[in-house]
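**Q** Quick one, work.txt (compact mmCIF, C-alpha atoms and all ligand atoms):
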```txt
# COMPACT_ATOMS: atom_id res chain seq x y z
CA MET E 294 28.35 -151.41 94.27
CA ALA E 295 24.94 -151.83 92.58
CA ASP E 296 21.89 -152.15 94.79
CA THR E 297 20.25 -155.42 93.75
CA HIS E 298 16.95 -154.49 95.38
CA LEU E 299 15.96 -151.50 93.25
CA PRO E 300 12.42 -151.68 91.88
CA ILE E 301 13.23 -151.91 88.17
CA HIS E 302 11.12 -152.19 85.03
CA GLN E 303 10.19 -155.82 84.29
CA GLU E 304 10.36 -156.93 80.68
CA SER E 305 7.27 -158.82 79.58
CA GLN E 306 7.96 -162.55 79.62
CA GLU E 307 5.53 -163.15 76.78
CA ALA E 308 7.02 -162.47 73.38
CA GLU E 309 4.61 -161.23 70.74
CA PRO E 310 3.62 -163.88 68.20
CA TRP E 311 5.26 -163.59 64.80
CA TYR E 312 1.88 -162.60 63.30
CA ALA E 313 1.29 -159.76 65.78
CA MET E 314 1.05 -157.25 62.93
CA GLY E 315 -1.80 -159.23 61.38
CA LEU E 316 -2.03 -161.60 58.43
CA ARG E 317 -3.50 -161.18 54.99
CA PHE E 318 -6.11 -163.59 53.70
CA LYS E 319 -8.84 -163.62 51.10
CA CYS E 320 -10.38 -166.81 49.81
CA THR E 321 -9.98 -167.18 46.04
CA GLN E 322 -12.57 -169.97 45.93
CA CYS E 323 -10.06 -172.47 44.54
CA GLY E 324 -11.68 -175.24 46.60
CA ASN E 325 -8.42 -176.86 47.73
CA CYS E 326 -9.40 -176.86 51.38
CA CYS E 327 -12.86 -178.27 50.74
CA GLY E 328 -11.92 -181.21 48.55
CA GLY E 329 -9.50 -182.77 46.16
CA GLY E 330 -8.17 -185.28 48.69
CA PRO E 331 -9.36 -187.28 51.68
CA GLY E 332 -9.93 -185.29 54.84
CA TYR E 333 -12.30 -184.53 57.63
CA VAL E 334 -14.63 -181.65 58.32
CA TRP E 335 -15.25 -182.15 62.02
CA LEU E 336 -18.66 -181.28 63.37
CA THR E 337 -19.87 -180.33 66.80
CA ILE E 338 -23.47 -180.88 67.86
CA GLU E 339 -23.93 -177.10 67.51
CA ASP E 340 -22.61 -177.24 63.93
CA MET E 341 -24.97 -180.09 63.07
CA THR E 342 -27.96 -178.39 64.68
CA ARG E 343 -27.28 -175.14 62.83
CA ILE E 344 -26.79 -176.82 59.45
CA ALA E 345 -29.84 -179.06 59.85
CA GLU E 346 -31.99 -176.01 60.60
CA PHE E 347 -30.55 -174.16 57.61
CA LEU E 348 -31.40 -177.11 55.36
CA ASN E 349 -34.83 -177.43 56.92
CA LEU E 350 -34.13 -180.99 57.94
CA ALA E 351 -34.84 -182.83 61.15
CA PHE E 352 -31.58 -183.39 63.05
CA ASP E 353 -31.67 -187.18 62.53
CA ASP E 354 -32.44 -186.85 58.84
CA PHE E 355 -29.52 -184.48 58.46
CA THR E 356 -27.05 -186.76 60.25
CA ARG E 357 -28.25 -189.84 58.35
CA LYS E 358 -27.61 -188.12 55.05
CA PHE E 359 -24.59 -185.91 55.65
CA VAL E 360 -22.62 -187.11 58.69
CA ARG E 361 -20.15 -189.97 59.08
CA LYS E 362 -18.36 -191.21 62.15
CA ALA E 363 -14.57 -191.12 62.03
CA LYS E 364 -11.92 -191.50 64.70
CA GLY E 365 -14.59 -191.39 67.38
CA ALA E 366 -15.97 -188.05 66.19
CA TYR E 367 -18.31 -186.71 63.51
CA SER E 368 -17.36 -185.43 60.08
CA LEU E 369 -19.22 -184.32 56.98
CA VAL E 370 -19.67 -186.92 54.26
CA GLU E 371 -17.31 -186.70 51.26
CA ARG E 372 -18.14 -187.34 47.64
CA ALA E 373 -16.31 -190.10 45.74
CA ASN E 374 -13.79 -187.51 44.49
CA TYR E 375 -13.20 -186.43 48.13
CA ASP E 376 -14.98 -183.09 47.73
CA CYS E 377 -17.01 -182.05 50.74
CA ILE E 378 -20.62 -183.02 50.21
CA PHE E 379 -21.55 -179.32 50.33
CA LEU E 380 -18.93 -178.07 47.90
CA LYS E 381 -20.31 -176.73 44.65
CA ARG E 382 -17.98 -176.18 41.70
CA ALA E 383 -19.02 -173.96 38.81
CA ASP E 384 -17.16 -171.77 36.32
CA GLY E 385 -13.81 -172.61 37.88
CA LYS E 386 -14.95 -171.45 41.30
CA ALA E 387 -15.74 -173.47 44.39
CA MET E 388 -18.56 -172.40 46.66
CA CYS E 389 -19.81 -173.63 49.97
CA GLY E 390 -23.46 -174.64 49.77
CA ILE E 391 -23.95 -173.96 53.48
CA TYR E 392 -21.68 -170.92 53.78
CA PRO E 393 -23.74 -168.93 56.32
CA VAL E 394 -23.82 -171.90 58.69
CA ARG E 395 -20.57 -173.69 57.78
CA PRO E 396 -18.83 -175.61 60.57
CA MET E 397 -16.54 -173.74 62.96
CA GLN E 398 -13.57 -175.65 61.55
CA CYS E 399 -14.24 -173.99 58.19
CA ARG E 400 -14.90 -170.55 59.74
CA THR E 401 -11.62 -170.44 61.59
CA TRP E 402 -9.44 -171.37 58.59
CA PRO E 403 -6.66 -170.42 57.98
CA PHE E 404 -6.01 -169.18 61.50
CA TRP E 405 -5.44 -172.62 62.98
CA GLY E 406 -2.73 -173.30 65.53
CA MET E 407 -0.86 -175.62 63.16
CA ASN E 408 -0.66 -172.89 60.50
CA LEU E 409 0.32 -170.20 62.99
CA ALA E 410 3.00 -172.22 64.77
CA THR E 411 5.80 -170.66 62.70
CA PRO E 412 6.13 -168.49 59.58
CA ASP E 413 7.27 -171.64 57.76
CA ALA E 414 4.12 -173.47 58.81
CA TRP E 415 2.07 -170.57 57.41
CA THR E 416 4.03 -170.61 54.15
CA HIS E 417 3.63 -174.38 53.89
CA ALA E 418 -0.16 -174.12 54.31
CA ALA E 419 -0.22 -171.24 51.85
CA SER E 420 1.29 -173.49 49.18
CA ARG E 421 -2.17 -175.12 49.01
CA CYS E 422 -4.24 -172.04 49.83
CA PRO E 423 -3.64 -169.13 47.46
CA GLY E 424 -5.79 -166.89 49.66
CA MET E 425 -3.05 -166.95 52.31
CA CYS E 426 -0.38 -165.45 50.07
CA ASP E 427 -2.33 -162.68 48.35
CA GLY E 428 -0.39 -159.49 49.09
CA ASP E 429 -3.45 -157.38 48.35
CA ALA E 430 -5.84 -159.34 50.55
CA PRO E 431 -7.33 -157.63 53.60
CA LYS E 432 -5.24 -157.89 56.71
CA TYR E 433 -6.79 -159.59 59.73
CA PRO E 434 -5.73 -158.13 63.07
CA LEU E 435 -4.12 -160.12 65.85
CA GLU E 436 -7.33 -160.07 67.88
CA HIS E 437 -9.28 -161.86 65.15
CA ILE E 438 -6.45 -164.33 64.49
CA GLU E 439 -6.22 -165.24 68.16
CA LYS E 440 -9.98 -165.60 68.43
CA CYS E 441 -9.90 -168.17 65.63
CA ARG E 442 -6.74 -169.90 66.86
CA THR E 443 -8.07 -170.40 70.36
CA HIS E 444 -11.61 -171.34 69.37
CA PRO E 445 -12.35 -174.79 70.83
CA GLU E 446 -13.30 -176.14 67.39
CA SER E 447 -10.26 -174.75 65.62
CA PRO E 448 -7.72 -177.52 64.87
CA GLU E 449 -4.48 -177.12 66.85
S1 LIG B 501 -7.72 -173.25 49.83
FE1 LIG B 501 -7.76 -171.13 50.53
S2 LIG B 501 -8.25 -169.93 48.70
FE2 LIG B 501 -8.75 -172.06 48.26
S3 LIG B 501 -10.94 -172.27 48.81
FE3 LIG B 501 -9.76 -172.84 50.61
S4 LIG B 501 -9.60 -170.95 51.80
FE4 LIG B 501 -10.18 -170.38 49.74
S1 LIG B 502 -18.73 -177.07 54.73
FE1 LIG B 502 -18.38 -175.59 53.11
S2 LIG B 502 -16.51 -174.50 53.71
FE2 LIG B 502 -16.61 -176.42 54.91
S3 LIG B 502 -15.46 -177.94 53.73
FE3 LIG B 502 -17.60 -178.12 53.12
S4 LIG B 502 -17.82 -176.80 51.32
FE4 LIG B 502 -15.92 -176.23 52.36
```
The structure in this file should be written as structure tokens.
Ligand code: SF4
Ligand code: SF4
**A**
Amino acid sequence: MADTHLPIHQESQEAEPWYAMGLRFKCTQCGNCCGGGPGYVWLTIEDMTRIAEFLNLAFDDFTRKFVRKAKGAYSLVERANYDCIFLKRADGKAMCGIYPVRPMQCRTWPFWGMNLATPDAWTHAASRCPGMCDGDAPKYPLEHIEKCRTHPESPE
């Protein structure tokens, strides 16, 4: 009869995420995620402080010009065509006018919880973001992906 008290190897209860081997991503500067339709670019106080400094504006002047209140939080202002106020389009490319100090929401894209929930969720998001389905793009390791996914300002 088998001894049920033997000290045996315990399998890890935590399965590896489907993206454990890393995910490829390289922005093509198409601009889809920064405009083209209504949306929100949520801002923390830290984001606003950093951007105001970068633009050499007093905090209040920055918020008056570039920040709107929505759903009880703060978001960047959009242009009439729904482009982010800081999006610059030229020669078929879209560029962020505040790239070095862009909000954390923008920095953590595309490694958001909603995109990482399942491979299908990733593929769905990639249908609007060509940078997520570039087979030659650099591969981001699990550590970086998880850092973005779990960042407090990264959308779930
Ligand atoms: S949608 Fe993707 S590829 Fe296009 S600008 Fe945004 S991050 Fe870059
Ligand atoms: S801040 Fe920059 S990266 Fe973020 S949505 Fe606006 S243009 Fe895009």
**Q** Hey, which residues sit close to ligand LIG 501 (chain B)? Say within 8 Å, counting all atoms listed in the file, and write them as a short mmCIF file (atom, residue, chain, number, x, y, z; two decimals) with C-alpha atoms, in the frame of the given file.
**A**
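New file pocket_27.cif:
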```cif
data_model
loop_
_atom_site.label_atom_id
_atom_site.label_comp_id
_atom_site.auth_asym_id
_atom_site.auth_seq_id
_atom_site.Cartn_x
_atom_site.Cartn_y
_atom_site.Cartn_z
CA LYS E 319 -8.84 -163.62 51.10
CA CYS E 320 -10.38 -166.81 49.81
CA THR E 321 -9.98 -167.18 46.04
CA GLN E 322 -12.57 -169.97 45.93
CA CYS E 323 -10.06 -172.47 44.54
CA GLY E 324 -11.68 -175.24 46.60
CA ASN E 325 -8.42 -176.86 47.73
CA CYS E 326 -9.40 -176.86 51.38
CA CYS E 327 -12.86 -178.27 50.74
CA ALA E 387 -15.74 -173.47 44.39
CA MET E 388 -18.56 -172.40 46.66
CA TRP E 402 -9.44 -171.37 58.59
CA PRO E 403 -6.66 -170.42 57.98
CA ALA E 419 -0.22 -171.24 51.85
CA ARG E 421 -2.17 -175.12 49.01
CA CYS E 422 -4.24 -172.04 49.83
CA PRO E 423 -3.64 -169.13 47.46
CA GLY E 424 -5.79 -166.89 49.66
CA MET E 425 -3.05 -166.95 52.31
#
```
**Q** How would you write, as an MDAnalysis selection string, the set of residues no farther than 12 Å from ligand LIG 502 (chain B) when counting only C-alpha atoms and all ligand atoms?
**A** chainID E and resid 320 322:336 340:341 343:344 359:360 368:372 375:382 386:403
**Q** What lies within 8 Å of range 310-312 of chain E using only C-alpha atoms, ignoring chain neighbours under 3 positions off, as a ChimeraX atom specification?
**A** /E:315-316,409,411-412,435
**Q** Measuring between only C-alpha atoms, which one of E:Gly428, E:Pro448, E:Pro300, E:Gly385 shows the shortest distance to Phe404 in chain E?
**A**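 Closest to Phe404 in chain E of all the choices is E:Pro448.
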**Q** Could you jot down the CA of His417 in chain E to CA of His444 in chain E separation for me, Å, one decimal place?
**A**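 Separating CA of His417 in chain E from CA of His444 in chain E is a distance of 21.9 Å.
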**Q** Just to confirm, what's the straight-line distance from CA of Glu309 in chain E to CA of His437 in chain E in Å (one decimal)?
**A**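 The value is 15.0 Å.
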**Q** Identify, on the basis of only C-alpha atoms, every residue whose closest approach to Glu449 in chain E does not exceed 9 Å; exclude the query and any residue fewer than 5 positions from it along the same chain; express the result as a PyMOL selection string.
**A** chain E and resi 405-408+442-443
**Q** Which value, in Å to one decimal, gives the distance between CA of Lys364 in chain E and CA of Ala410 in chain E?
**A**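 CA of Ala410 in chain E lies 24.4 Å from CA of Lys364 in chain E.
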